[in-house]
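J.: File structure25.cif follows (mmCIF, C-alpha atoms):
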data_upload
#
loop_
_atom_site.group_PDB
_atom_site.id
_atom_site.type_symbol
_atom_site.label_atom_id
_atom_site.label_comp_id
_atom_site.auth_asym_id
_atom_site.auth_seq_id
_atom_site.Cartn_x
_atom_site.Cartn_y
_atom_site.Cartn_z
ATOM 1 C CA PRO Y 1 422.453 260.864 -37.386
ATOM 2 C CA GLN Y 2 425.820 259.507 -38.356
ATOM 3 C CA GLN Y 3 425.175 260.236 -42.035
ATOM 4 C CA ALA Y 4 423.967 263.450 -43.569
ATOM 5 C CA MET Y 5 420.245 263.395 -44.277
ATOM 6 C CA TRP Y 6 420.819 264.936 -47.707
ATOM 7 C CA GLN Y 7 423.540 266.342 -49.842
ATOM 8 C CA SER Y 8 423.427 269.919 -51.053
ATOM 9 C CA THR Y 9 425.050 271.175 -54.211
ATOM 10 C CA THR Y 10 425.211 274.641 -55.699
ATOM 11 C CA ARG Y 11 424.255 275.073 -59.346
ATOM 12 C CA TYR Y 12 423.805 277.989 -61.662
ATOM 13 C CA ILE Y 13 420.896 278.450 -64.024
ATOM 14 C CA SER Y 14 421.257 280.923 -66.848
ATOM 15 C CA TYR Y 15 418.258 282.762 -68.210
ATOM 16 C CA THR Y 16 417.341 285.858 -70.204
ATOM 17 C CA ASP Y 17 415.846 288.645 -68.118
ATOM 18 C CA ARG Y 18 413.003 290.931 -69.187
ATOM 19 C CA HIS Y 19 415.490 293.386 -70.729
ATOM 20 C CA GLY Y 20 417.077 290.703 -72.924
ATOM 21 C CA PHE Y 21 420.312 290.301 -70.937
ATOM 22 C CA ARG Y 22 421.723 286.892 -70.020
ATOM 23 C CA GLN Y 23 421.760 286.375 -66.278
ATOM 24 C CA ALA Y 24 422.854 283.529 -64.007
ATOM 25 C CA ARG Y 25 421.116 282.545 -60.824
ATOM 26 C CA GLU Y 26 422.537 280.429 -58.053
ATOM 27 C CA ILE Y 27 420.318 277.654 -56.746
ATOM 28 C CA ILE Y 28 420.906 275.049 -54.092
ATOM 29 C CA CYS Y 29 419.895 271.512 -55.038
ATOM 30 C CA THR Y 30 419.508 268.498 -52.795
ATOM 31 C CA ASN Y 31 419.249 264.811 -53.432
ATOM 32 C CA LEU Y 32 415.902 264.661 -51.629
ATOM 33 C CA THR Y 33 413.012 263.203 -53.578
ATOM 34 C CA LEU Y 34 409.503 264.187 -52.601
ATOM 35 C CA ARG Y 35 406.667 262.242 -54.095
ATOM 36 C CA HIS Y 36 403.823 264.212 -55.551
ATOM 37 C CA THR Y 37 400.641 262.660 -54.223
ATOM 38 C CA ALA Y 38 397.409 262.976 -56.102
ATOM 39 C CA GLU Y 39 394.730 265.053 -54.454
ATOM 40 C CA VAL Y 40 391.888 262.992 -53.040
ATOM 41 C CA SER Y 41 388.483 264.200 -54.167
ATOM 42 C CA ASN Y 42 386.030 265.032 -51.417
ATOM 43 C CA GLY Y 43 383.121 264.887 -53.864
ATOM 44 C CA ASP Y 44 382.677 268.651 -54.069
ATOM 45 C CA TYR Y 45 383.888 268.759 -57.655
ATOM 46 C CA ILE Y 46 384.115 266.570 -60.726
ATOM 47 C CA GLU Y 47 387.566 265.107 -61.358
ATOM 48 C CA ASP Y 48 388.197 266.347 -64.874
ATOM 49 C CA GLY Y 49 391.474 268.139 -64.228
ATOM 50 C CA GLY Y 50 389.756 271.513 -64.059
ATOM 51 C CA LYS Y 51 387.676 271.317 -60.885
ATOM 52 C CA LEU Y 52 384.190 271.726 -62.338
ATOM 53 C CA TYR Y 53 381.597 272.087 -59.620
ATOM 54 C CA PRO Y 54 378.216 270.368 -60.038
ATOM 55 C CA ILE Y 55 375.138 272.559 -60.084
ATOM 56 C CA SER Y 56 373.291 272.564 -56.735
ATOM 57 C CA ARG Y 57 369.879 270.876 -56.416
ATOM 58 C CA GLU Y 58 368.210 274.249 -55.858
ATOM 59 C CA ASN Y 59 369.774 275.657 -59.033
ATOM 60 C CA GLN Y 60 368.853 272.498 -60.948
ATOM 61 C CA GLN Y 61 365.226 272.942 -59.890
ATOM 62 C CA ALA Y 62 365.292 276.645 -60.809
ATOM 63 C CA LEU Y 63 366.718 275.726 -64.230
ATOM 64 C CA ILE Y 64 364.021 273.096 -64.844
ATOM 65 C CA ASP Y 65 361.277 275.527 -63.711
ATOM 66 C CA ALA Y 66 362.589 278.200 -66.098
ATOM 67 C CA LEU Y 67 362.730 275.717 -68.981
ATOM 68 C CA VAL Y 68 359.157 274.567 -68.290
ATOM 69 C CA ARG Y 69 358.006 278.219 -68.370
ATOM 70 C CA LEU Y 70 359.914 278.700 -71.647
ATOM 71 C CA ASN Y 71 357.624 276.063 -73.203
ATOM 72 C CA ASN Y 72 360.341 274.632 -75.477
ATOM 73 C CA PRO Y 73 360.237 270.814 -75.167
ATOM 74 C CA GLU Y 74 363.539 270.307 -77.007
ATOM 75 C CA MET Y 75 365.480 272.563 -74.626
ATOM 76 C CA LEU Y 76 363.809 271.030 -71.593
ATOM 77 C CA LEU Y 77 364.655 267.489 -72.726
ATOM 78 C CA ILE Y 78 368.234 268.439 -73.675
ATOM 79 C CA TYR Y 79 368.847 269.845 -70.196
ATOM 80 C CA ILE Y 80 367.178 266.889 -68.476
ATOM 81 C CA VAL Y 81 369.420 264.513 -70.458
ATOM 82 C CA ALA Y 82 372.446 266.601 -69.459
ATOM 83 C CA LEU Y 83 371.494 266.691 -65.777
ATOM 84 C CA THR Y 84 370.652 262.989 -65.499
ATOM 85 C CA THR Y 85 373.461 261.516 -67.595
ATOM 86 C CA GLY Y 86 376.321 264.020 -67.424
ATOM 87 C CA MET Y 87 376.712 263.813 -71.212
ATOM 88 C CA ARG Y 88 378.440 266.578 -73.119
ATOM 89 C CA ILE Y 89 376.214 268.834 -75.225
ATOM 90 C CA GLN Y 90 377.977 267.560 -78.366
ATOM 91 C CA SER Y 91 376.880 264.017 -77.555
ATOM 92 C CA ILE Y 92 373.347 264.992 -76.517
ATOM 93 C CA LEU Y 93 372.726 266.867 -79.746
ATOM 94 C CA ASN Y 94 374.050 263.876 -81.714
ATOM 95 C CA LEU Y 95 371.709 261.343 -80.096
ATOM 96 C CA ARG Y 96 369.892 259.266 -82.700
ATOM 97 C CA PHE Y 97 366.483 257.600 -82.766
ATOM 98 C CA HIS Y 98 368.065 254.166 -82.301
ATOM 99 C CA CYS Y 99 369.687 255.257 -78.997
ATOM 100 C CA ILE Y 100 366.360 255.599 -77.225
ATOM 101 C CA ARG Y 101 364.732 252.470 -75.808
ATOM 102 C CA GLN Y 102 361.072 252.589 -76.795
ATOM 103 C CA ASP Y 103 359.988 249.771 -74.490
ATOM 104 C CA VAL Y 104 360.992 250.998 -71.016
ATOM 105 C CA GLY Y 105 360.085 253.575 -68.397
ATOM 106 C CA SER Y 106 356.312 253.824 -68.707
ATOM 107 C CA PRO Y 107 354.450 254.810 -65.518
ATOM 108 C CA ASP Y 108 353.398 251.181 -64.917
ATOM 109 C CA ASP Y 109 356.938 249.850 -65.473
ATOM 110 C CA GLN Y 110 358.342 248.399 -62.231
ATOM 111 C CA ASN Y 111 361.872 249.217 -63.420
ATOM 112 C CA ARG Y 112 361.045 252.861 -64.127
ATOM 113 C CA ASN Y 113 364.185 254.057 -62.342
ATOM 114 C CA ALA Y 114 366.500 251.463 -63.883
ATOM 115 C CA LEU Y 115 369.457 252.708 -65.917
ATOM 116 C CA TYR Y 116 369.887 251.703 -69.554
ATOM 117 C CA ALA Y 117 373.126 252.201 -71.449
ATOM 118 C CA ILE Y 118 373.487 254.252 -74.604
ATOM 119 C CA ALA Y 119 376.540 253.560 -76.765
ATOM 120 C CA ILE Y 120 378.268 256.713 -78.022
ATOM 121 C CA GLY Y 121 381.519 257.418 -79.857
ATOM 122 C CA GLY Y 122 383.625 254.819 -81.638
ATOM 123 C CA GLN Y 123 381.731 253.027 -84.404
ATOM 124 C CA THR Y 124 378.384 254.561 -83.439
ATOM 125 C CA ASN Y 125 377.134 257.620 -85.270
ATOM 126 C CA VAL Y 126 376.765 259.536 -81.999
ATOM 127 C CA GLY Y 127 379.642 261.939 -81.412
ATOM 128 C CA ALA Y 128 381.788 261.843 -78.279
ATOM 129 C CA LYS Y 129 384.924 263.645 -77.176
ATOM 130 C CA ASN Y 130 387.849 262.291 -79.197
ATOM 131 C CA ASN Y 131 385.326 259.795 -80.620
ATOM 132 C CA LYS Y 132 386.013 257.624 -77.583
ATOM 133 C CA ALA Y 133 383.667 254.620 -77.452
ATOM 134 C CA GLN Y 134 381.739 254.611 -74.192
ATOM 135 C CA PHE Y 135 378.425 253.757 -72.607
ATOM 136 C CA VAL Y 136 376.313 256.393 -70.887
ATOM 137 C CA LEU Y 137 373.581 255.391 -68.457
ATOM 138 C CA MET Y 138 370.156 256.990 -68.839
ATOM 139 C CA PRO Y 139 367.142 256.360 -66.563
ATOM 140 C CA ALA Y 140 364.247 254.381 -68.020
ATOM 141 C CA TRP Y 141 361.744 257.163 -67.264
ATOM 142 C CA LEU Y 142 363.798 259.531 -69.446
ATOM 143 C CA HIS Y 143 363.809 256.993 -72.289
ATOM 144 C CA TYR Y 144 360.007 257.017 -71.956
ATOM 145 C CA GLN Y 145 359.814 260.829 -72.032
ATOM 146 C CA LEU Y 146 362.036 260.906 -75.114
ATOM 147 C CA THR Y 147 359.864 258.228 -76.739
ATOM 148 C CA ILE Y 148 356.793 260.417 -76.183
ATOM 149 C CA TYR Y 149 358.647 263.326 -77.787
ATOM 150 C CA LEU Y 150 359.861 261.204 -80.729
ATOM 151 C CA ASN Y 151 356.269 260.134 -81.427
ATOM 152 C CA SER Y 152 354.892 263.683 -81.128
ATOM 153 C CA GLN Y 153 353.620 265.637 -84.109
ATOM 154 C CA ARG Y 154 356.169 268.358 -83.335
ATOM 155 C CA HIS Y 155 359.072 265.941 -83.856
ATOM 156 C CA LYS Y 156 357.430 264.318 -86.894
ATOM 157 C CA ASP Y 157 357.076 267.741 -88.557
ATOM 158 C CA ARG Y 158 360.776 268.410 -87.998
ATOM 159 C CA THR Y 159 361.724 264.944 -89.233
ATOM 160 C CA MET Y 160 359.839 265.540 -92.499
ATOM 161 C CA LYS Y 161 362.176 268.489 -93.207
ATOM 162 C CA SER Y 162 365.328 266.527 -92.367
ATOM 163 C CA PRO Y 163 367.612 265.282 -95.158
ATOM 164 C CA ILE Y 164 368.094 261.980 -93.295
ATOM 165 C CA GLN Y 165 365.714 259.449 -94.805
ATOM 166 C CA GLU Y 166 366.377 256.482 -92.493
ATOM 167 C CA ILE Y 167 364.300 256.976 -89.318
ATOM 168 C CA PHE Y 168 366.675 254.736 -87.358
ATOM 169 C CA ASP Y 169 369.518 257.244 -87.942
ATOM 170 C CA GLU Y 170 367.421 260.376 -87.400
ATOM 171 C CA PHE Y 171 368.570 262.849 -84.748
ATOM 172 C CA VAL Y 172 366.478 263.067 -81.602
ATOM 173 C CA PHE Y 173 366.796 266.855 -81.459
ATOM 174 C CA LEU Y 174 366.173 268.769 -84.681
ATOM 175 C CA THR Y 175 365.647 272.449 -85.419
ATOM 176 C CA ARG Y 176 362.384 273.730 -86.914
ATOM 177 C CA THR Y 177 364.009 273.432 -90.340
ATOM 178 C CA GLY Y 178 365.024 269.793 -89.831
ATOM 179 C CA LYS Y 179 368.735 270.406 -89.247
#
Can I see the file as C-alpha coordinates?
T.:
Amino acid sequence: PQQAMWQSTTRYISYTDRHGFRQAREIICTNLTLRHTAEVSNGDYIEDGGKLYPISRENQQALIDALVRLNNPEMLLIYIVALTTGMRIQSILNLRFHCIRQDVGSPDDQNRNALYAIAIGGQTNVGAKNNKAQFVLMPAWLHYQLTIYLNSQRHKDRTMKSPIQEIFDEFVFLTRTGK
(Lines of atoms letter the chains of each structure in order from A and count residues from 1; the text may use other names and numbers.)
(Lines give C-alpha, C1' and ligand atoms only; values in the text may rest on other atoms or scores of the structure.)
Protein backbone atom coordinates (compact mmCIF):
# COMPACT_ATOMS: atom_id res chain seq x y z
CA PRO A 1 0.00 0.00 0.00
CA GLN A 2 1.07 3.54 -0.68
CA GLN A 3 -0.11 4.67 2.76
CA ALA A 4 0.67 3.11 6.09
CA MET A 5 -2.13 0.86 7.32
CA TRP A 6 -1.87 2.34 10.81
CA GLN A 7 0.19 4.74 12.80
CA SER A 8 2.06 3.61 15.89
CA THR A 9 2.93 5.83 18.80
CA THR A 10 4.82 5.10 21.99
CA ARG A 11 3.24 6.13 25.28
CA TYR A 12 4.08 5.66 28.91
CA ILE A 13 1.62 4.61 31.58
CA SER A 14 2.55 5.19 35.19
CA TYR A 15 1.27 2.91 37.91
CA THR A 16 2.02 1.85 41.48
CA ASP A 17 3.52 -1.61 41.77
CA ARG A 18 2.74 -4.14 44.50
CA HIS A 19 5.52 -2.72 46.69
CA GLY A 20 4.11 0.82 46.53
CA PHE A 21 6.70 2.26 44.12
CA ARG A 22 5.73 4.38 41.12
CA GLN A 23 6.66 2.69 37.87
CA ALA A 24 6.29 3.61 34.21
CA ARG A 25 5.52 1.17 31.45
CA GLU A 26 6.02 1.72 27.76
CA ILE A 27 3.13 0.76 25.51
CA ILE A 28 2.70 1.01 21.78
CA CYS A 29 -0.62 2.45 20.62
CA THR A 30 -2.11 2.41 17.15
CA ASN A 31 -4.91 4.29 15.52
CA LEU A 32 -6.69 1.04 14.64
CA THR A 33 -10.25 0.69 15.85
CA LEU A 34 -11.66 -2.78 16.33
CA ARG A 35 -15.35 -3.09 16.88
CA HIS A 36 -16.48 -5.27 19.72
CA THR A 37 -19.21 -7.50 18.36
CA ALA A 38 -21.82 -8.96 20.63
CA GLU A 39 -21.73 -12.70 21.07
CA VAL A 40 -24.54 -14.50 19.28
CA SER A 41 -26.43 -16.89 21.51
CA ASN A 42 -26.63 -20.47 20.31
CA GLY A 43 -29.52 -21.18 22.69
CA ASP A 44 -27.42 -23.16 25.16
CA TYR A 45 -27.72 -20.46 27.81
CA ILE A 46 -30.02 -17.66 28.88
CA GLU A 47 -28.84 -14.20 27.86
CA ASP A 48 -28.77 -12.48 31.23
CA GLY A 49 -25.16 -11.34 31.17
CA GLY A 50 -24.06 -14.23 33.36
CA LYS A 51 -24.54 -17.28 31.14
CA LEU A 52 -27.12 -19.19 33.18
CA TYR A 53 -27.74 -22.62 31.75
CA PRO A 54 -31.30 -24.00 31.70
CA ILE A 55 -31.97 -27.19 33.61
CA SER A 56 -32.11 -30.26 31.33
CA ARG A 57 -35.42 -32.06 30.72
CA GLU A 58 -34.16 -35.12 32.60
CA ASN A 59 -33.23 -33.00 35.62
CA GLN A 60 -36.56 -31.17 35.43
CA GLN A 61 -38.38 -34.51 35.55
CA ALA A 62 -36.21 -35.72 38.44
CA LEU A 63 -36.98 -32.48 40.31
CA ILE A 64 -40.74 -32.84 39.75
CA ASP A 65 -40.63 -36.52 40.81
CA ALA A 66 -38.78 -35.60 44.02
CA LEU A 67 -41.27 -32.82 44.78
CA VAL A 68 -44.22 -35.18 44.23
CA ARG A 69 -42.63 -37.67 46.67
CA LEU A 70 -42.11 -34.82 49.17
CA ASN A 71 -45.91 -34.39 49.26
CA ASN A 72 -45.76 -30.60 49.68
CA PRO A 73 -48.23 -29.04 47.20
CA GLU A 74 -46.93 -25.49 47.72
CA MET A 75 -43.35 -26.42 46.82
CA LEU A 76 -44.48 -28.48 43.85
CA LEU A 77 -46.60 -25.62 42.49
CA ILE A 78 -43.86 -23.03 43.12
CA TYR A 79 -41.37 -25.08 41.11
CA ILE A 80 -43.87 -25.78 38.33
CA VAL A 81 -44.57 -22.03 38.05
CA ALA A 82 -40.81 -21.39 37.94
CA LEU A 83 -40.18 -24.04 35.28
CA THR A 84 -43.08 -23.04 33.03
CA THR A 85 -42.84 -19.26 33.28
CA GLY A 86 -39.20 -18.49 34.09
CA MET A 87 -40.33 -16.13 36.86
CA ARG A 88 -37.98 -15.20 39.67
CA ILE A 89 -38.71 -16.73 43.07
CA GLN A 90 -39.39 -13.24 44.45
CA SER A 91 -42.19 -12.78 41.92
CA ILE A 92 -43.60 -16.29 42.35
CA LEU A 93 -43.86 -15.92 46.11
CA ASN A 94 -45.58 -12.54 45.63
CA LEU A 95 -48.29 -13.86 43.30
CA ARG A 96 -51.75 -12.81 44.46
CA PHE A 97 -55.17 -14.42 44.16
CA HIS A 98 -56.20 -11.92 41.47
CA CYS A 99 -53.29 -13.02 39.22
CA ILE A 100 -54.73 -16.47 38.66
CA ARG A 101 -57.42 -16.90 36.00
CA GLN A 102 -60.15 -19.04 37.54
CA ASP A 103 -61.96 -19.70 34.26
CA VAL A 104 -59.33 -21.38 32.08
CA GLY A 105 -57.38 -24.61 31.72
CA SER A 106 -59.88 -27.24 32.82
CA PRO A 107 -59.44 -30.70 31.25
CA ASP A 108 -62.33 -30.06 28.83
CA ASP A 109 -60.99 -26.63 27.82
CA GLN A 110 -59.91 -26.65 24.15
CA ASN A 111 -57.37 -23.91 24.90
CA ARG A 112 -55.78 -25.83 27.77
CA ASN A 113 -52.27 -25.10 26.49
CA ALA A 114 -52.92 -21.43 25.73
CA LEU A 115 -50.77 -18.85 27.50
CA TYR A 116 -52.34 -16.16 29.68
CA ALA A 117 -50.45 -13.10 30.85
CA ILE A 118 -49.91 -12.15 34.47
CA ALA A 119 -49.01 -8.53 35.18
CA ILE A 120 -46.19 -8.12 37.70
CA GLY A 121 -44.13 -5.18 38.95
CA GLY A 122 -45.00 -1.53 38.41
CA GLN A 123 -48.37 -0.58 39.88
CA THR A 124 -49.32 -4.18 40.66
CA ASN A 125 -48.77 -5.55 44.14
CA VAL A 126 -46.68 -8.42 42.78
CA GLY A 127 -42.96 -7.82 43.20
CA ALA A 128 -40.52 -7.89 40.28
CA LYS A 129 -36.85 -7.09 39.89
CA ASN A 130 -36.42 -3.31 40.13
CA ASN A 131 -40.24 -3.19 40.24
CA LYS A 132 -40.19 -3.27 36.44
CA ALA A 133 -43.71 -3.60 35.01
CA GLN A 134 -43.94 -6.68 32.81
CA PHE A 135 -46.22 -9.46 31.68
CA VAL A 136 -45.35 -13.10 32.29
CA LEU A 137 -47.06 -15.84 30.31
CA MET A 138 -48.46 -18.83 32.19
CA PRO A 139 -50.16 -21.87 30.60
CA ALA A 140 -53.90 -22.23 31.12
CA TRP A 141 -53.53 -25.71 32.64
CA LEU A 142 -51.31 -24.22 35.37
CA HIS A 143 -53.91 -21.53 36.09
CA TYR A 144 -56.36 -24.41 36.56
CA GLN A 145 -54.02 -26.30 38.91
CA LEU A 146 -53.48 -23.14 40.96
CA THR A 147 -57.25 -22.57 41.06
CA ILE A 148 -57.72 -26.07 42.49
CA TYR A 149 -55.08 -25.28 45.12
CA LEU A 150 -56.63 -21.88 45.94
CA ASN A 151 -60.00 -23.56 46.53
CA SER A 152 -58.51 -26.36 48.66
CA GLN A 153 -59.08 -26.62 52.39
CA ARG A 154 -55.31 -26.49 52.91
CA HIS A 155 -55.10 -23.02 51.35
CA LYS A 156 -58.28 -21.83 53.08
CA ASP A 157 -56.83 -22.82 56.47
CA ARG A 158 -53.70 -20.80 55.73
CA THR A 159 -55.74 -17.85 54.47
CA MET A 160 -57.71 -17.76 57.74
CA LYS A 161 -54.43 -17.11 59.60
CA SER A 162 -53.30 -14.39 57.19
CA PRO A 163 -53.49 -10.72 58.21
CA ILE A 164 -54.71 -9.81 54.71
CA GLN A 165 -58.48 -9.52 54.84
CA GLU A 166 -59.21 -8.86 51.15
CA ILE A 167 -59.24 -12.24 49.34
CA PHE A 168 -58.45 -10.53 46.03
CA ASP A 169 -55.07 -9.38 47.44
CA GLU A 170 -54.26 -12.62 49.26
CA PHE A 171 -50.98 -14.36 48.43
CA VAL A 172 -51.21 -17.60 46.49
CA PHE A 173 -48.46 -19.22 48.56
CA LEU A 174 -48.70 -18.87 52.33
CA THR A 175 -46.89 -20.59 55.19
CA ARG A 176 -48.76 -22.72 57.73
CA THR A 177 -48.99 -19.63 59.93
CA GLY A 178 -50.52 -17.47 57.19
CA LYS A 179 -47.41 -15.43 56.40
J.: Atom CA of Y:Ser56 and atom CA of Y:Val81 are how many Å apart?
T.: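 Pair atom CA of Y:Ser56 / atom CA of Y:Val81 returns 16.4 Å.
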J.: Please expand the PyMOL selection byres ((chain Y and resi 138) around 8) into the concrete residues it hits in this file, giving the result as a PyMOL selection string.
T.: chain Y and resi 81+84-85+115-118+136-137+139-140+142-143
J.: Skip stretch 73-76 of chain Y itself and residues of its chain fewer than 6 positions away, then list as number ranges by chain all residues within 8 Å of it, counting only C-alpha atoms.
T.: Y: 64, 67, 173
J.: Name the residues in contact with Y:Met87 at a cut-off of 12 Å, using all atoms listed in the file, excluding same-chain residues fewer than 3 positions from it; report them as a list in words.
T.: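 Listed by chain and then number, they are Ile78, Tyr79, Ile80, Val81, Ala82, Leu83, Thr84, Gln90, Ser91, Ile92, Leu93, Asn94, Leu95, Ile118, Ala119, Ile120, Gly121, Val126, Gly127, Ala128, Lys129, Gln134, Phe135, Val136, Leu137 and Met138 of chain Y.
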J.: Show which residues sit within 10 Å of Y:Gln123, as an MDAnalysis selection string. Count all atoms listed in the file, and ignore same-chain residues fewer than 5 positions away.
T.: chainID Y and resid 131:133
J.: Mind pulling up the distance from atom CA of Y:Asn72 to atom CA of Y:His155?
T.: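 Separating atom CA of Y:His155 from atom CA of Y:Asn72 is a distance of 12.1 Å.
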J.: Tell me, in Å to one decimal, how far atom CA of Y:Asp157 is from atom CA of Y:Arg176.
T.: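 Interatomic distance here is 8.2 Å.
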J.: For Y:Gly178, please output as a count of residues only all residues within 6 Å (counting all atoms listed in the file; exclusion window: fewer than 2 positions along the same chain).
T.: 7
J.: Find the residues near Y:Tyr12: any atom within 10 Å, counting only C-alpha atoms, skip ones fewer than 2 places away on the same chain, and give them as a VMD selection string.
T.: chain Y and resid 10 14 to 15 23 to 28
J.: With all atoms of stretch 104-121 of chain Y from the file as input, state the centre and edge lengths in Å to one decimal of the axis-aligned box that has 8 Å extra on each side, as JSON.
T.:
{"center_x": 367.5, "center_y": 252.9, "center_z": -71.0, "size_x": 44.1, "size_y": 25.0, "size_z": 33.6}
J.: Please complete stretch 107-128 of chain Y with N, CA, C and O atoms and give it back as a PDB file, in the frame of the given file.
T.:
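And here's part.pdb as it stands now:
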ATOM      1  N   PRO Y 107     354.860 254.666 -66.924  1.00  0.00           N
ATOM      2  CA  PRO Y 107     354.450 254.810 -65.518  1.00  0.00           C
ATOM      3  C   PRO Y 107     354.142 253.489 -64.810  1.00  0.00           C
ATOM      4  O   PRO Y 107     354.314 253.387 -63.600  1.00  0.00           O
ATOM      5  N   ASP Y 108     353.696 252.467 -65.550  1.00  0.00           N
ATOM      6  CA  ASP Y 108     353.398 251.181 -64.917  1.00  0.00           C
ATOM      7  C   ASP Y 108     354.591 250.219 -64.945  1.00  0.00           C
ATOM      8  O   ASP Y 108     354.476 249.080 -64.499  1.00  0.00           O
ATOM      9  N   ASP Y 109     355.724 250.677 -65.428  1.00  0.00           N
ATOM     10  CA  ASP Y 109     356.938 249.850 -65.473  1.00  0.00           C
ATOM     11  C   ASP Y 109     357.551 249.781 -64.072  1.00  0.00           C
ATOM     12  O   ASP Y 109     357.823 250.804 -63.453  1.00  0.00           O
ATOM     13  N   GLN Y 110     357.751 248.567 -63.565  1.00  0.00           N
ATOM     14  CA  GLN Y 110     358.342 248.399 -62.231  1.00  0.00           C
ATOM     15  C   GLN Y 110     359.799 248.841 -62.196  1.00  0.00           C
ATOM     16  O   GLN Y 110     360.314 249.209 -61.149  1.00  0.00           O
ATOM     17  N   ASN Y 111     360.469 248.809 -63.329  1.00  0.00           N
ATOM     18  CA  ASN Y 111     361.872 249.217 -63.420  1.00  0.00           C
ATOM     19  C   ASN Y 111     362.005 250.634 -63.987  1.00  0.00           C
ATOM     20  O   ASN Y 111     362.927 250.933 -64.731  1.00  0.00           O
ATOM     21  N   ARG Y 112     361.088 251.485 -63.616  1.00  0.00           N
ATOM     22  CA  ARG Y 112     361.045 252.861 -64.127  1.00  0.00           C
ATOM     23  C   ARG Y 112     362.319 253.638 -63.831  1.00  0.00           C
ATOM     24  O   ARG Y 112     362.709 254.516 -64.596  1.00  0.00           O
ATOM     25  N   ASN Y 113     362.970 253.338 -62.727  1.00  0.00           N
ATOM     26  CA  ASN Y 113     364.185 254.057 -62.342  1.00  0.00           C
ATOM     27  C   ASN Y 113     365.462 253.313 -62.725  1.00  0.00           C
ATOM     28  O   ASN Y 113     366.560 253.749 -62.358  1.00  0.00           O
ATOM     29  N   ALA Y 114     365.315 252.211 -63.443  1.00  0.00           N
ATOM     30  CA  ALA Y 114     366.500 251.463 -63.883  1.00  0.00           C
ATOM     31  C   ALA Y 114     367.295 252.303 -64.881  1.00  0.00           C
ATOM     32  O   ALA Y 114     366.765 253.205 -65.532  1.00  0.00           O
ATOM     33  N   LEU Y 115     368.582 252.005 -64.989  1.00  0.00           N
ATOM     34  CA  LEU Y 115     369.457 252.708 -65.917  1.00  0.00           C
ATOM     35  C   LEU Y 115     369.734 251.835 -67.126  1.00  0.00           C
ATOM     36  O   LEU Y 115     370.052 250.657 -66.977  1.00  0.00           O
ATOM     37  N   TYR Y 116     369.616 252.409 -68.312  1.00  0.00           N
ATOM     38  CA  TYR Y 116     369.887 251.703 -69.554  1.00  0.00           C
ATOM     39  C   TYR Y 116     371.012 252.420 -70.283  1.00  0.00           C
ATOM     40  O   TYR Y 116     371.028 253.648 -70.374  1.00  0.00           O
ATOM     41  N   ALA Y 117     371.935 251.638 -70.814  1.00  0.00           N
ATOM     42  CA  ALA Y 117     373.126 252.201 -71.449  1.00  0.00           C
ATOM     43  C   ALA Y 117     372.849 252.643 -72.876  1.00  0.00           C
ATOM     44  O   ALA Y 117     372.104 252.005 -73.610  1.00  0.00           O
ATOM     45  N   ILE Y 118     373.486 253.751 -73.237  1.00  0.00           N
ATOM     46  CA  ILE Y 118     373.487 254.252 -74.604  1.00  0.00           C
ATOM     47  C   ILE Y 118     374.933 254.228 -75.070  1.00  0.00           C
ATOM     48  O   ILE Y 118     375.816 254.762 -74.392  1.00  0.00           O
ATOM     49  N   ALA Y 119     375.184 253.598 -76.208  1.00  0.00           N
ATOM     50  CA  ALA Y 119     376.540 253.560 -76.765  1.00  0.00           C
ATOM     51  C   ALA Y 119     376.778 254.844 -77.557  1.00  0.00           C
ATOM     52  O   ALA Y 119     375.957 255.220 -78.397  1.00  0.00           O
ATOM     53  N   ILE Y 120     377.900 255.518 -77.267  1.00  0.00           N
ATOM     54  CA  ILE Y 120     378.268 256.713 -78.022  1.00  0.00           C
ATOM     55  C   ILE Y 120     379.739 256.615 -78.413  1.00  0.00           C
ATOM     56  O   ILE Y 120     380.495 255.847 -77.827  1.00  0.00           O
ATOM     57  N   GLY Y 121     380.128 257.407 -79.404  1.00  0.00           N
ATOM     58  CA  GLY Y 121     381.519 257.418 -79.857  1.00  0.00           C
ATOM     59  C   GLY Y 121     381.875 256.145 -80.599  1.00  0.00           C
ATOM     60  O   GLY Y 121     381.037 255.284 -80.866  1.00  0.00           O
ATOM     61  N   GLY Y 122     383.145 256.016 -80.949  1.00  0.00           N
ATOM     62  CA  GLY Y 122     383.625 254.819 -81.638  1.00  0.00           C
ATOM     63  C   GLY Y 122     382.915 254.591 -82.955  1.00  0.00           C
ATOM     64  O   GLY Y 122     382.809 255.485 -83.782  1.00  0.00           O
ATOM     65  N   GLN Y 123     382.386 253.394 -83.154  1.00  0.00           N
ATOM     66  CA  GLN Y 123     381.731 253.027 -84.404  1.00  0.00           C
ATOM     67  C   GLN Y 123     380.282 253.512 -84.490  1.00  0.00           C
ATOM     68  O   GLN Y 123     379.649 253.371 -85.523  1.00  0.00           O
ATOM     69  N   THR Y 124     379.755 254.049 -83.388  1.00  0.00           N
ATOM     70  CA  THR Y 124     378.384 254.561 -83.439  1.00  0.00           C
ATOM     71  C   THR Y 124     378.380 255.874 -84.212  1.00  0.00           C
ATOM     72  O   THR Y 124     379.426 256.466 -84.455  1.00  0.00           O
ATOM     73  N   ASN Y 125     377.214 256.333 -84.582  1.00  0.00           N
ATOM     74  CA  ASN Y 125     377.134 257.620 -85.270  1.00  0.00           C
ATOM     75  C   ASN Y 125     376.746 258.740 -84.311  1.00  0.00           C
ATOM     76  O   ASN Y 125     376.234 259.771 -84.718  1.00  0.00           O
ATOM     77  N   VAL Y 126     376.996 258.523 -83.026  1.00  0.00           N
ATOM     78  CA  VAL Y 126     376.765 259.536 -81.999  1.00  0.00           C
ATOM     79  C   VAL Y 126     378.128 260.055 -81.558  1.00  0.00           C
ATOM     80  O   VAL Y 126     378.975 259.292 -81.093  1.00  0.00           O
ATOM     81  N   GLY Y 127     378.341 261.343 -81.716  1.00  0.00           N
ATOM     82  CA  GLY Y 127     379.642 261.939 -81.412  1.00  0.00           C
ATOM     83  C   GLY Y 127     379.985 261.909 -79.933  1.00  0.00           C
ATOM     84  O   GLY Y 127     379.111 261.998 -79.073  1.00  0.00           O
ATOM     85  N   ALA Y 128     381.266 261.784 -79.640  1.00  0.00           N
ATOM     86  CA  ALA Y 128     381.788 261.843 -78.279  1.00  0.00           C
ATOM     87  C   ALA Y 128     383.154 262.512 -78.343  1.00  0.00           C
ATOM     88  O   ALA Y 128     383.774 262.584 -79.408  1.00  0.00           O
TER      89      ALA Y 128
END
